[in-house]
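Asker: Mind having a look at this structure? Questions to follow.
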Amino acid sequence: MAGHGFPLRLSLLGSMLSGAALLSGAAFAAPPADLDARVDAAMKAHGVPGLAIAIVEDGKPVLAKGYGVRRLGAPERVDADTIFPTGSTGKAITAAALAVLVDDGKLAWDDKVIDHIPWFRMYDPWVTNEMTVRDLLVHRSGLGLGAGDLMFVPTSSRSRADTVRALRHIKPATSFRSGYAYDNLLYAVAGQLIEEVSGKTWEVFVRERVLKPAGMDSSVTEQAARFANPNRAWPHARTSGAVRGMGEQAVLDERKTLGDNGAPAGGLSSSANDLAHWLEVQLGKGTWAGADGKPVRVFSEAQSKQMWTPAVLTPTPTWPGKLAEAAPKFSAYALGWNVRDYRGEKMLDHGGAIFGVQAYVAMIPERNFGIALLMNAEDVQVMRGVALEIIDHELGRPKSDWVAAFDEFIDARIDGGLKALDASAKTRVASSGKASLPIPQYAGRYSDPWYGPMDIKQDRGGLRVDFTRTPGMTGRLEHSQHDTFRTVWDDPTIEPAYLTFALGAEGKVDRITLKAVSPIADFSYDYQDLLFTPVKQ
């Protein structure tokens with residue numbers, strides 16, 4: 001989350017110029033002189049509606065600026081206070097909230113989770129008893145990639161506590177602490193842990209104990225608060241092609257967002273100004289200058305060290321072509337941060353994505369440098385490419401067209417996905433066969449242990465499916481081959497899936513398995529982890 005903004009008050013630090021905040025203070029290397037032209041050109045070439053950038057040099061904000069528009073077809077411009085959903089970059093905010101509780105003496109990083117949430121359960125009782133607060137944040141629990149994400153993607157009617165209770169039904173993919181697999185679900189547990197320990201919801205505690213002291217006055221933890229702010233960015237995506245990422249850029253329904261139950265994994269909305277403050281706090285090891293010039297401590301230096309210390313090794317990617325220069329030689333995960341190298345420098349970073357928005361935050365601590373970008377589109381090559389070009393400028397490296405390098409990589413990925421779809425279609429045609437049962441006999445109520453119920457009903461001679469815990473996740477079932485059907489969702493932004501019905505000895509539906517249609521679907525659509533069986537009437 002991916003999924004899927006940041007503000008900063010500049011009245012005491014500089015002046016507002018055309019939606020930009022250019023701040024005084026020491027800097028290692030001023031932002032590139034041609035930054036505006038470069039950003040505008042990249043956005044225009046890719047059809048990106050809006051972008052916001054924050055840069056901190058020598059531990060002080062030097063730029064917070066917006067580009068483009070908040071919504072296609074509307075005149076309102078993005079500025080330094082426009083809020084965007086920030087996706088998984090907010091995991092570091094959840095870690096910071098726990099750090100505050102550690103400073104308060106309310107818990108310790110290596111406390112057992114079950115000591116604070118007595119009803120917490122993993123699938124394996126031994127893991128339940130051994131899971132620590134630190135384990136919740138570092139993706140080494142044994143859960144598979146994105147396991148359980150369909151409990152809050154694309155949205156959900158579940159409570160956070162109900163989501164935590166469902167965790168006990170998700171089978172592990174590996175043994176405990178044996179390796180790395182990115183998940184969002186345990187950050188939801190971390191949010192529930194904050195409530196159990198503090199007596200305040202994640203939303204309230206983060207707002208009062210992290211955002212407010214950090215001067216992040218525009219940032220919000222609740223969707224209702226985001227919608228109440230007229231200065232907000234709308235999501236955009238290309239969904240009209242064979243796979244997501246193709247077609248024309250279109251405005252998405254901004255209400256279709258991550259379920260509130262998953263907010264601790266990626267539900268924060270923020271602005272360029274606020275993210276500049278967040279970078280100040282991080283680079284200041286828990287302290288920033290304060291709006292009135294008096295230093296404000298958000299969390300202790302000891303907890304800053306804890307949050308930046310790698311806990312689990314992560315795979316180092318092999319990237320093709322020009323991108324090979326940017327690939328890390330070591331990579332690890334700390335508490336809400338990736339820790340890796342870039343051109344010989346230690347870097348902490350994290351990306352975020354939620355349905356039509358992208359975010360990226362990166363720091364090079366030894367240079368006291370940080371950058372944050374927010375974008376109301378899914379064209380990640382623009383955001384990551386511009387980020388690397390700014391980082392290279394900070395490091396004194398020659399200019400590189402990183403946007404073009406990412407373009408090549410993403411084009412190849414989409415092309416590979418299209419070829420795989422085409423090959424799959426030809427296989428289905430070659431082996432196509434009629435369904436084993438009359439259409440009405442596939443209808444019924446089915447349930448998965450962790451997701452819950454799914455209804456399949458006969459409708460006008462066909463079938464309709466309803467993922468009942470996910471509002472709006474409804475659509476037709478179109479016969480594909482044999483006993484496999486393909487979803488045609490009412491909401492075309494949802495990743496389509498294949499449903500395969502398996503029959504028992506009596507010739508009735510015994511189970512349903514699923515998989516994403518697109519070979520490059522986002523991992524949060526973890527259809528493959530579902531196993532639905534008939535609910536006995």
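Chain labels follow the order of the structure tokens: the first chain is A, the next B, and so on; residue numbering restarts at 1 in every chain, and ligands are counted from 1 in their shown order.
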Neighbouring residues of Trp278 (chain A) were defined as those with any atom within 10 Å, considering only C-alpha atoms; residues of the same chain fewer than 4 positions away were excluded. Please report them as an NGL selection string.
Answerer: :A and (6-8 or 56 or 93 or 210-211 or 214-216 or 272-274 or 282-284 or 286-288 or 361 or 370 or 372)
Asker: If you run DSSP on the backbone, which residues of region 209-242 of chain A are strand (DSSP E), as a ChimeraX atom specification?
Answerer: /A:236-242
Asker: Find the distance between CA of Arg226 (chain A) and CA of Trp308 (chain A) and write it in Å to one decimal.
Answerer: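 Spanning CA of Arg226 (chain A) to CA of Trp308 (chain A) is a straight-line distance of 29.4 Å.
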Asker: Find the residues around Gly90 (chain A) up to 10 Å (only C-alpha atoms counted), leave out those fewer than 2 positions away in its own chain, and share them as a ChimeraX atom specification.
Answerer: /A:4-5,85-88,92-96,221,263-270,336-337,350-352,359,361
Asker: Please list as a ChimeraX atom specification every residue within 9 Å of Thr470 (chain A), counting only C-alpha atoms and excluding residues in the same chain fewer than 3 positions away.
Answerer: /A:150-158,259,466-467,473-474
Asker: Would you save the residues of that selection, restricted to N, CA, C and O atoms, as a PDB file, in the first residue's frame?
Answerer:
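Okay, this is what ended up in again-v1.pdb:
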```pdb
ATOM      1  N   LEU A 150      -7.214  -7.860   1.618  1.00  0.00           N
ATOM      2  CA  LEU A 150      -8.591  -7.710   1.146  1.00  0.00           C
ATOM      3  C   LEU A 150      -9.564  -7.405   2.288  1.00  0.00           C
ATOM      4  O   LEU A 150     -10.735  -7.147   2.040  1.00  0.00           O
ATOM      5  N   MET A 151      -9.070  -7.416   3.517  1.00  0.00           N
ATOM      6  CA  MET A 151      -9.931  -6.973   4.620  1.00  0.00           C
ATOM      7  C   MET A 151     -10.047  -5.455   4.681  1.00  0.00           C
ATOM      8  O   MET A 151     -10.901  -4.926   5.388  1.00  0.00           O
ATOM      9  N   PHE A 152      -9.144  -4.719   3.965  1.00  0.00           N
ATOM     10  CA  PHE A 152      -9.335  -3.262   3.896  1.00  0.00           C
ATOM     11  C   PHE A 152      -9.056  -2.676   2.522  1.00  0.00           C
ATOM     12  O   PHE A 152      -9.061  -1.450   2.344  1.00  0.00           O
ATOM     13  N   VAL A 153      -8.819  -3.513   1.531  1.00  0.00           N
ATOM     14  CA  VAL A 153      -8.612  -3.057   0.154  1.00  0.00           C
ATOM     15  C   VAL A 153      -9.714  -3.640  -0.711  1.00  0.00           C
ATOM     16  O   VAL A 153      -9.943  -4.848  -0.656  1.00  0.00           O
ATOM     17  N   PRO A 154     -10.431  -2.870  -1.533  1.00  0.00           N
ATOM     18  CA  PRO A 154     -10.288  -1.430  -1.731  1.00  0.00           C
ATOM     19  C   PRO A 154     -10.921  -0.574  -0.633  1.00  0.00           C
ATOM     20  O   PRO A 154     -10.633   0.605  -0.534  1.00  0.00           O
ATOM     21  N   THR A 155     -11.809  -1.133   0.174  1.00  0.00           N
ATOM     22  CA  THR A 155     -12.352  -0.450   1.348  1.00  0.00           C
ATOM     23  C   THR A 155     -12.968  -1.532   2.232  1.00  0.00           C
ATOM     24  O   THR A 155     -12.865  -2.721   1.907  1.00  0.00           O
ATOM     25  N   SER A 156     -13.575  -1.151   3.341  1.00  0.00           N
ATOM     26  CA  SER A 156     -14.101  -2.174   4.235  1.00  0.00           C
ATOM     27  C   SER A 156     -15.142  -1.602   5.179  1.00  0.00           C
ATOM     28  O   SER A 156     -15.109  -0.411   5.512  1.00  0.00           O
ATOM     29  N   SER A 157     -16.045  -2.451   5.612  1.00  0.00           N
ATOM     30  CA  SER A 157     -17.008  -2.084   6.651  1.00  0.00           C
ATOM     31  C   SER A 157     -16.589  -2.649   8.007  1.00  0.00           C
ATOM     32  O   SER A 157     -17.295  -2.478   9.000  1.00  0.00           O
ATOM     33  N   ARG A 158     -15.451  -3.313   8.075  1.00  0.00           N
ATOM     34  CA  ARG A 158     -14.988  -3.921   9.316  1.00  0.00           C
ATOM     35  C   ARG A 158     -14.465  -2.874  10.299  1.00  0.00           C
ATOM     36  O   ARG A 158     -13.923  -1.841   9.900  1.00  0.00           O
ATOM     37  N   GLY A 259      -9.857   1.091   3.661  1.00  0.00           N
ATOM     38  CA  GLY A 259     -10.765   1.031   4.797  1.00  0.00           C
ATOM     39  C   GLY A 259     -10.144   1.639   6.041  1.00  0.00           C
ATOM     40  O   GLY A 259      -8.938   1.530   6.265  1.00  0.00           O
ATOM     41  N   ASP A 466     -20.992 -10.701  -4.668  1.00  0.00           N
ATOM     42  CA  ASP A 466     -20.953  -9.595  -3.717  1.00  0.00           C
ATOM     43  C   ASP A 466     -19.997  -9.955  -2.585  1.00  0.00           C
ATOM     44  O   ASP A 466     -20.254 -10.884  -1.809  1.00  0.00           O
ATOM     45  N   PHE A 467     -18.857  -9.245  -2.507  1.00  0.00           N
ATOM     46  CA  PHE A 467     -17.952  -9.385  -1.365  1.00  0.00           C
ATOM     47  C   PHE A 467     -18.534  -8.513  -0.253  1.00  0.00           C
ATOM     48  O   PHE A 467     -18.302  -7.309  -0.202  1.00  0.00           O
ATOM     49  N   MET A 473     -17.922  -3.772  -3.804  1.00  0.00           N
ATOM     50  CA  MET A 473     -17.195  -4.837  -4.498  1.00  0.00           C
ATOM     51  C   MET A 473     -18.216  -5.873  -4.978  1.00  0.00           C
ATOM     52  O   MET A 473     -18.336  -6.975  -4.443  1.00  0.00           O
ATOM     53  N   THR A 474     -18.944  -5.480  -6.008  1.00  0.00           N
ATOM     54  CA  THR A 474     -20.010  -6.295  -6.583  1.00  0.00           C
ATOM     55  C   THR A 474     -19.844  -6.321  -8.095  1.00  0.00           C
ATOM     56  O   THR A 474     -19.250  -5.411  -8.681  1.00  0.00           O
TER      57      THR A 474
END
```
Asker: My list of candidates is A:Ala54, A:Ala166, A:Val380, A:Val127. Which is closest to Glu280 (chain A) when distances are computed with only C-alpha atoms?
Answerer: A:Ala54
Asker: Restricting the calculation to only C-alpha atoms, which member of A:Gly191, A:Gly475, A:Gly507, A:Pro492 is positioned closest to Pro438 (chain A)?
Answerer: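 Closest residue, counting only C-alpha atoms: A:Gly507.
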Asker: Could you pull out the alpha helix (DSSP H) residues of region 294-457 of chain A from DSSP and send them as number ranges by chain?
Answerer: A: 301-308, 380-395, 402-430
Asker: Write the residues you've just listed into a file as a compact mmCIF listing (two decimals), in the first residue's frame, and include N, CA and C atoms for each of them.
Answerer:
```
# COMPACT_ATOMS: atom_id res chain seq x y z
N GLU A 301 15.69 10.68 21.38
CA GLU A 301 16.76 10.25 20.48
C GLU A 301 16.96 8.74 20.56
N ALA A 302 16.74 8.18 21.75
CA ALA A 302 16.87 6.73 21.90
C ALA A 302 15.86 6.00 21.02
N GLN A 303 14.64 6.52 20.96
CA GLN A 303 13.63 5.87 20.13
C GLN A 303 13.89 6.11 18.64
N SER A 304 14.46 7.26 18.32
CA SER A 304 14.86 7.50 16.93
C SER A 304 15.85 6.44 16.47
N LYS A 305 16.80 6.14 17.32
CA LYS A 305 17.78 5.11 16.99
C LYS A 305 17.11 3.76 16.80
N GLN A 306 16.16 3.44 17.67
CA GLN A 306 15.43 2.17 17.55
C GLN A 306 14.70 2.09 16.21
N MET A 307 14.03 3.17 15.83
CA MET A 307 13.24 3.15 14.60
C MET A 307 14.09 3.09 13.34
N TRP A 308 15.34 3.54 13.43
CA TRP A 308 16.23 3.52 12.26
C TRP A 308 17.10 2.27 12.19
N VAL A 380 4.19 6.32 -11.33
CA VAL A 380 5.24 6.33 -10.32
C VAL A 380 6.59 6.74 -10.90
N GLN A 381 6.79 6.54 -12.22
CA GLN A 381 8.06 6.88 -12.83
C GLN A 381 8.38 8.37 -12.70
N VAL A 382 7.34 9.21 -12.73
CA VAL A 382 7.55 10.65 -12.58
C VAL A 382 8.01 10.95 -11.16
N MET A 383 7.31 10.43 -10.17
CA MET A 383 7.63 10.72 -8.78
C MET A 383 9.01 10.19 -8.40
N ARG A 384 9.27 8.91 -8.68
CA ARG A 384 10.55 8.34 -8.29
C ARG A 384 11.69 8.90 -9.13
N GLY A 385 11.42 9.16 -10.41
CA GLY A 385 12.47 9.70 -11.27
C GLY A 385 12.89 11.09 -10.82
N VAL A 386 11.91 11.96 -10.57
CA VAL A 386 12.23 13.31 -10.10
C VAL A 386 12.94 13.25 -8.75
N ALA A 387 12.51 12.36 -7.87
CA ALA A 387 13.15 12.23 -6.56
C ALA A 387 14.63 11.89 -6.71
N LEU A 388 14.96 10.91 -7.55
CA LEU A 388 16.36 10.54 -7.72
C LEU A 388 17.17 11.66 -8.35
N GLU A 389 16.55 12.42 -9.24
CA GLU A 389 17.28 13.53 -9.86
C GLU A 389 17.61 14.60 -8.83
N ILE A 390 16.69 14.86 -7.90
CA ILE A 390 16.95 15.83 -6.82
C ILE A 390 18.02 15.29 -5.87
N ILE A 391 17.94 14.00 -5.54
CA ILE A 391 18.95 13.39 -4.66
C ILE A 391 20.32 13.43 -5.31
N ASP A 392 20.40 13.12 -6.61
CA ASP A 392 21.69 13.20 -7.31
C ASP A 392 22.26 14.61 -7.25
N HIS A 393 21.40 15.60 -7.41
CA HIS A 393 21.85 17.00 -7.32
C HIS A 393 22.44 17.27 -5.94
N GLU A 394 21.78 16.77 -4.89
CA GLU A 394 22.28 16.95 -3.53
C GLU A 394 23.64 16.30 -3.36
N LEU A 395 23.84 15.17 -4.01
CA LEU A 395 25.09 14.41 -3.87
C LEU A 395 26.18 14.91 -4.82
N TRP A 402 16.29 10.05 -14.88
CA TRP A 402 15.76 8.89 -14.18
C TRP A 402 14.30 8.63 -14.55
N VAL A 403 13.57 9.66 -14.96
CA VAL A 403 12.19 9.45 -15.38
C VAL A 403 12.16 8.53 -16.60
N ALA A 404 13.03 8.78 -17.55
CA ALA A 404 13.10 7.92 -18.75
C ALA A 404 13.52 6.50 -18.38
N ALA A 405 14.44 6.36 -17.42
CA ALA A 405 14.88 5.02 -17.00
C ALA A 405 13.73 4.24 -16.38
N PHE A 406 12.94 4.90 -15.54
CA PHE A 406 11.78 4.24 -14.96
C PHE A 406 10.72 3.95 -16.01
N ASP A 407 10.58 4.85 -16.99
CA ASP A 407 9.64 4.62 -18.09
C ASP A 407 9.94 3.29 -18.78
N GLU A 408 11.21 3.09 -19.09
CA GLU A 408 11.61 1.87 -19.79
C GLU A 408 11.28 0.63 -18.97
N PHE A 409 11.55 0.72 -17.67
CA PHE A 409 11.29 -0.40 -16.78
C PHE A 409 9.80 -0.71 -16.69
N ILE A 410 8.98 0.33 -16.50
CA ILE A 410 7.54 0.13 -16.35
C ILE A 410 6.90 -0.31 -17.66
N ASP A 411 7.35 0.25 -18.79
CA ASP A 411 6.82 -0.17 -20.09
C ASP A 411 7.08 -1.65 -20.32
N ALA A 412 8.27 -2.10 -19.92
CA ALA A 412 8.61 -3.52 -20.10
C ALA A 412 7.74 -4.39 -19.19
N ARG A 413 7.45 -3.90 -17.99
CA ARG A 413 6.61 -4.66 -17.07
C ARG A 413 5.19 -4.79 -17.61
N ILE A 414 4.64 -3.68 -18.11
CA ILE A 414 3.29 -3.72 -18.67
C ILE A 414 3.25 -4.59 -19.92
N ASP A 415 4.28 -4.49 -20.74
CA ASP A 415 4.34 -5.32 -21.94
C ASP A 415 4.38 -6.80 -21.57
N GLY A 416 5.15 -7.14 -20.54
CA GLY A 416 5.19 -8.52 -20.08
C GLY A 416 3.85 -8.99 -19.55
N GLY A 417 3.16 -8.10 -18.85
CA GLY A 417 1.83 -8.44 -18.36
C GLY A 417 0.85 -8.69 -19.49
N LEU A 418 0.91 -7.86 -20.53
CA LEU A 418 0.02 -8.03 -21.68
C LEU A 418 0.29 -9.35 -22.41
N LYS A 419 1.56 -9.69 -22.55
CA LYS A 419 1.91 -10.96 -23.21
C LYS A 419 1.41 -12.15 -22.40
N ALA A 420 1.55 -12.06 -21.08
CA ALA A 420 1.07 -13.15 -20.23
C ALA A 420 -0.45 -13.27 -20.30
N LEU A 421 -1.15 -12.14 -20.35
CA LEU A 421 -2.60 -12.17 -20.50
C LEU A 421 -3.01 -12.80 -21.82
N ASP A 422 -2.29 -12.44 -22.88
CA ASP A 422 -2.60 -12.98 -24.21
C ASP A 422 -2.38 -14.48 -24.24
N ALA A 423 -1.27 -14.94 -23.65
CA ALA A 423 -0.99 -16.38 -23.62
C ALA A 423 -2.05 -17.11 -22.82
N SER A 424 -2.47 -16.52 -21.71
CA SER A 424 -3.51 -17.13 -20.88
C SER A 424 -4.83 -17.22 -21.64
N ALA A 425 -5.16 -16.17 -22.39
CA ALA A 425 -6.41 -16.16 -23.16
C ALA A 425 -6.40 -17.26 -24.22
N LYS A 426 -5.26 -17.45 -24.88
CA LYS A 426 -5.17 -18.49 -25.91
C LYS A 426 -5.31 -19.88 -25.30
N THR A 427 -4.75 -20.05 -24.10
CA THR A 427 -4.87 -21.34 -23.42
C THR A 427 -6.32 -21.63 -23.07
N ARG A 428 -7.02 -20.60 -22.59
CA ARG A 428 -8.43 -20.79 -22.21
C ARG A 428 -9.28 -21.14 -23.43
N VAL A 429 -8.99 -20.48 -24.57
CA VAL A 429 -9.75 -20.78 -25.78
C VAL A 429 -9.51 -22.21 -26.22
N ALA A 430 -8.24 -22.64 -26.14
CA ALA A 430 -7.89 -23.99 -26.58
C ALA A 430 -8.51 -25.06 -25.70
```
Asker: Neighbours of region 442-453 of chain A within 9 Å (only C-alpha atoms; same-chain residues fewer than 3 positions away dropped), as a short mmCIF file (atom, residue, chain, number, x, y, z; two decimals) with N, CA and C atoms, in the first residue's frame?
Answerer:
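Saved result, result02.cif, follows:
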```cif
data_model
loop_
_atom_site.label_atom_id
_atom_site.label_comp_id
_atom_site.auth_asym_id
_atom_site.auth_seq_id
_atom_site.Cartn_x
_atom_site.Cartn_y
_atom_site.Cartn_z
N GLY A 148 -4.10 -10.90 3.86
CA GLY A 148 -5.22 -10.27 4.55
C GLY A 148 -5.57 -8.89 4.07
N LEU A 150 -7.21 -7.86 1.62
CA LEU A 150 -8.59 -7.71 1.15
C LEU A 150 -9.56 -7.40 2.29
N MET A 151 -9.07 -7.42 3.52
CA MET A 151 -9.93 -6.97 4.62
C MET A 151 -10.05 -5.45 4.68
N THR A 163 -10.89 -6.80 12.48
CA THR A 163 -9.80 -7.17 11.57
C THR A 163 -8.71 -7.91 12.32
N ARG A 165 -9.07 -9.66 15.02
CA ARG A 165 -9.59 -10.98 15.39
C ARG A 165 -9.53 -11.96 14.23
N ALA A 166 -9.70 -11.47 13.02
CA ALA A 166 -9.67 -12.34 11.84
C ALA A 166 -8.26 -12.87 11.54
N LEU A 167 -7.25 -12.21 12.08
CA LEU A 167 -5.86 -12.59 11.81
C LEU A 167 -5.59 -14.04 12.19
N ARG A 168 -6.25 -14.55 13.20
CA ARG A 168 -5.99 -15.91 13.68
C ARG A 168 -6.32 -16.98 12.64
N HIS A 169 -7.07 -16.62 11.61
CA HIS A 169 -7.46 -17.59 10.58
C HIS A 169 -6.54 -17.60 9.36
N ILE A 170 -5.56 -16.71 9.32
CA ILE A 170 -4.68 -16.63 8.15
C ILE A 170 -3.47 -17.53 8.36
N LEU A 437 -22.14 -27.52 -14.07
CA LEU A 437 -23.46 -27.44 -13.46
C LEU A 437 -24.33 -26.41 -14.17
N PRO A 438 -25.63 -26.54 -14.06
CA PRO A 438 -26.51 -25.46 -14.49
C PRO A 438 -26.17 -24.20 -13.68
N ILE A 439 -26.24 -23.04 -14.30
CA ILE A 439 -25.83 -21.78 -13.68
C ILE A 439 -26.43 -21.58 -12.28
N ILE A 456 -23.15 -15.22 -3.92
CA ILE A 456 -23.30 -15.38 -5.37
C ILE A 456 -24.77 -15.65 -5.64
N LYS A 457 -25.37 -14.80 -6.46
CA LYS A 457 -26.80 -14.90 -6.71
C LYS A 457 -27.06 -14.99 -8.21
N GLN A 458 -28.15 -15.70 -8.54
CA GLN A 458 -28.56 -15.75 -9.93
C GLN A 458 -29.25 -14.43 -10.29
N LEU A 463 -24.90 -14.81 -13.17
CA LEU A 463 -24.53 -14.79 -11.75
C LEU A 463 -23.96 -13.42 -11.39
N ARG A 464 -24.24 -13.01 -10.16
CA ARG A 464 -23.64 -11.80 -9.59
C ARG A 464 -22.94 -12.18 -8.29
N VAL A 465 -21.82 -11.49 -8.03
CA VAL A 465 -21.03 -11.77 -6.83
C VAL A 465 -20.99 -10.51 -5.97
N ASP A 466 -20.99 -10.70 -4.67
CA ASP A 466 -20.95 -9.60 -3.72
C ASP A 466 -20.00 -9.96 -2.59
N PHE A 467 -18.86 -9.25 -2.51
CA PHE A 467 -17.95 -9.38 -1.37
C PHE A 467 -18.53 -8.51 -0.25
N THR A 468 -19.29 -9.12 0.63
CA THR A 468 -20.20 -8.39 1.50
C THR A 468 -19.51 -7.48 2.51
N ARG A 469 -18.25 -7.77 2.86
CA ARG A 469 -17.54 -6.93 3.82
C ARG A 469 -16.85 -5.75 3.13
N PHE A 501 -14.70 -22.86 -9.27
CA PHE A 501 -15.54 -23.70 -8.42
C PHE A 501 -15.05 -25.15 -8.51
N LYS A 508 -21.85 -31.23 -6.07
CA LYS A 508 -22.19 -29.87 -5.66
C LYS A 508 -20.91 -29.08 -5.40
N VAL A 509 -21.04 -27.75 -5.39
CA VAL A 509 -19.87 -26.91 -5.14
C VAL A 509 -19.31 -27.19 -3.75
N ARG A 511 -15.90 -25.95 -2.92
CA ARG A 511 -15.02 -24.83 -2.55
C ARG A 511 -14.85 -23.92 -3.76
N ILE A 512 -14.38 -22.70 -3.47
CA ILE A 512 -14.07 -21.73 -4.51
C ILE A 512 -12.68 -21.15 -4.22
N LEU A 530 -7.56 -16.68 -0.56
CA LEU A 530 -8.94 -16.96 -0.17
C LEU A 530 -9.33 -18.40 -0.48
N LEU A 531 -10.13 -18.99 0.38
CA LEU A 531 -10.71 -20.31 0.15
C LEU A 531 -12.14 -20.29 0.69
N PHE A 532 -13.08 -20.11 -0.22
CA PHE A 532 -14.47 -20.03 0.18
C PHE A 532 -15.12 -21.42 0.14
N THR A 533 -15.92 -21.71 1.13
CA THR A 533 -16.70 -22.95 1.17
C THR A 533 -18.16 -22.60 1.42
N PRO A 534 -19.08 -23.48 1.02
CA PRO A 534 -20.50 -23.17 1.18
C PRO A 534 -20.88 -23.01 2.65
N VAL A 535 -21.74 -22.05 2.90
CA VAL A 535 -22.30 -21.86 4.25
C VAL A 535 -23.57 -22.70 4.35
N LYS A 536 -23.60 -23.59 5.31
CA LYS A 536 -24.76 -24.46 5.48
C LYS A 536 -25.95 -23.63 5.96
N GLN A 537 -27.05 -23.80 5.28
CA GLN A 537 -28.26 -23.05 5.63
C GLN A 537 -28.93 -23.69 6.84
#
```
Asker: For CA of Ala324 (chain A) and CA of Tyr342 (chain A), quote the distance in Å rounded to one decimal.
Answerer: 11.1 Å
Asker: In terms of the shortest atom-to-atom distance over only C-alpha atoms, which of A:His482, A:Trp119, A:Gly356, A:Ala502 is closest to Arg244 (chain A)?
Answerer: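 Looking only at the distances to Arg244 (chain A), the closest residue turns out to be A:Gly356.
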Asker: Tell me which of A:Pro230, A:Gly142, A:Gly73, A:Pro235 sits closest to Leu374 (chain A), counting only C-alpha atoms.
Answerer: A:Pro235
Asker: Rounded to one decimal, what separation in Å do you get between CA of Leu107 (chain A) and CA of Asn129 (chain A)?
Answerer: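 Computed distance, CA of Leu107 (chain A) to CA of Asn129 (chain A), equals 16.4 Å.
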Asker: Given only C-alpha atoms as the basis, pick out the residue of A:Arg134, A:His139, A:His116, A:Lys91 nearest to Tyr333 (chain A).
Answerer: A:His139
Asker: Just the residues within 8 Å of Leu348 (chain A), please, counting only C-alpha atoms, with nothing from its chain fewer than 2 positions along; format it as a short mmCIF file (atom, residue, chain, number, x, y, z; two decimals) with C-alpha atoms, in the first residue's frame.
Answerer:
```cif
data_model
loop_
_atom_site.label_atom_id
_atom_site.label_comp_id
_atom_site.auth_asym_id
_atom_site.auth_seq_id
_atom_site.Cartn_x
_atom_site.Cartn_y
_atom_site.Cartn_z
CA TRP A 308 16.23 3.52 12.26
CA TRP A 337 11.57 2.51 7.16
CA ASN A 338 13.60 0.82 4.47
CA VAL A 339 17.34 1.13 5.16
CA ARG A 340 19.56 0.81 2.09
CA LYS A 346 23.07 5.29 3.68
CA HIS A 350 9.55 4.43 2.03
CA ALA A 362 13.60 9.57 1.64
CA MET A 363 16.45 10.74 3.87
CA ILE A 364 20.25 10.65 3.78
CA PRO A 365 20.96 11.17 7.48
#
```
Asker: Within 10 Å of Leu136 (chain A), counting only C-alpha atoms, which residues qualify if same-chain residues fewer than 4 places away don't, as number ranges by chain?
Answerer: A: 95, 109, 113, 131-132, 140-141, 183-190, 193, 335
Asker: I need the chosen residues saved as a PDB file, in the first residue's frame, with C-alpha atoms.
Answerer:
```pdb
ATOM      1  CA  ALA A  95       6.040   3.546  14.554  1.00  0.00           C
ATOM      2  CA  TRP A 109       9.590  -2.623  21.801  1.00  0.00           C
ATOM      3  CA  VAL A 113       1.765  -8.237  22.021  1.00  0.00           C
ATOM      4  CA  MET A 131       5.040 -11.964  18.761  1.00  0.00           C
ATOM      5  CA  THR A 132       6.505  -8.678  20.024  1.00  0.00           C
ATOM      6  CA  ARG A 140       8.969 -11.097   9.535  1.00  0.00           C
ATOM      7  CA  SER A 141       5.842 -12.685  11.031  1.00  0.00           C
ATOM      8  CA  ASP A 183       2.366  -6.907   5.027  1.00  0.00           C
ATOM      9  CA  ASN A 184      -0.123  -4.234   6.087  1.00  0.00           C
ATOM     10  CA  LEU A 185      -2.258  -6.285   8.438  1.00  0.00           C
ATOM     11  CA  LEU A 186       0.126  -6.223  11.402  1.00  0.00           C
ATOM     12  CA  TYR A 187       0.240  -2.432  11.243  1.00  0.00           C
ATOM     13  CA  ALA A 188      -3.513  -2.561  11.822  1.00  0.00           C
ATOM     14  CA  VAL A 189      -2.683  -4.632  14.907  1.00  0.00           C
ATOM     15  CA  ALA A 190      -0.171  -1.945  15.901  1.00  0.00           C
ATOM     16  CA  LEU A 193      -2.266  -1.884  20.301  1.00  0.00           C
ATOM     17  CA  LEU A 335      10.557   0.226  12.130  1.00  0.00           C
TER      18      LEU A 335
END
```
Asker: When you count only C-alpha atoms, which of these residues is closest to Tyr180 (chain A): A:Gln249, A:Thr314, A:Thr257, A:Gln192?
Answerer: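 Counting only C-alpha atoms, the residue closest to Tyr180 (chain A) is A:Thr314.
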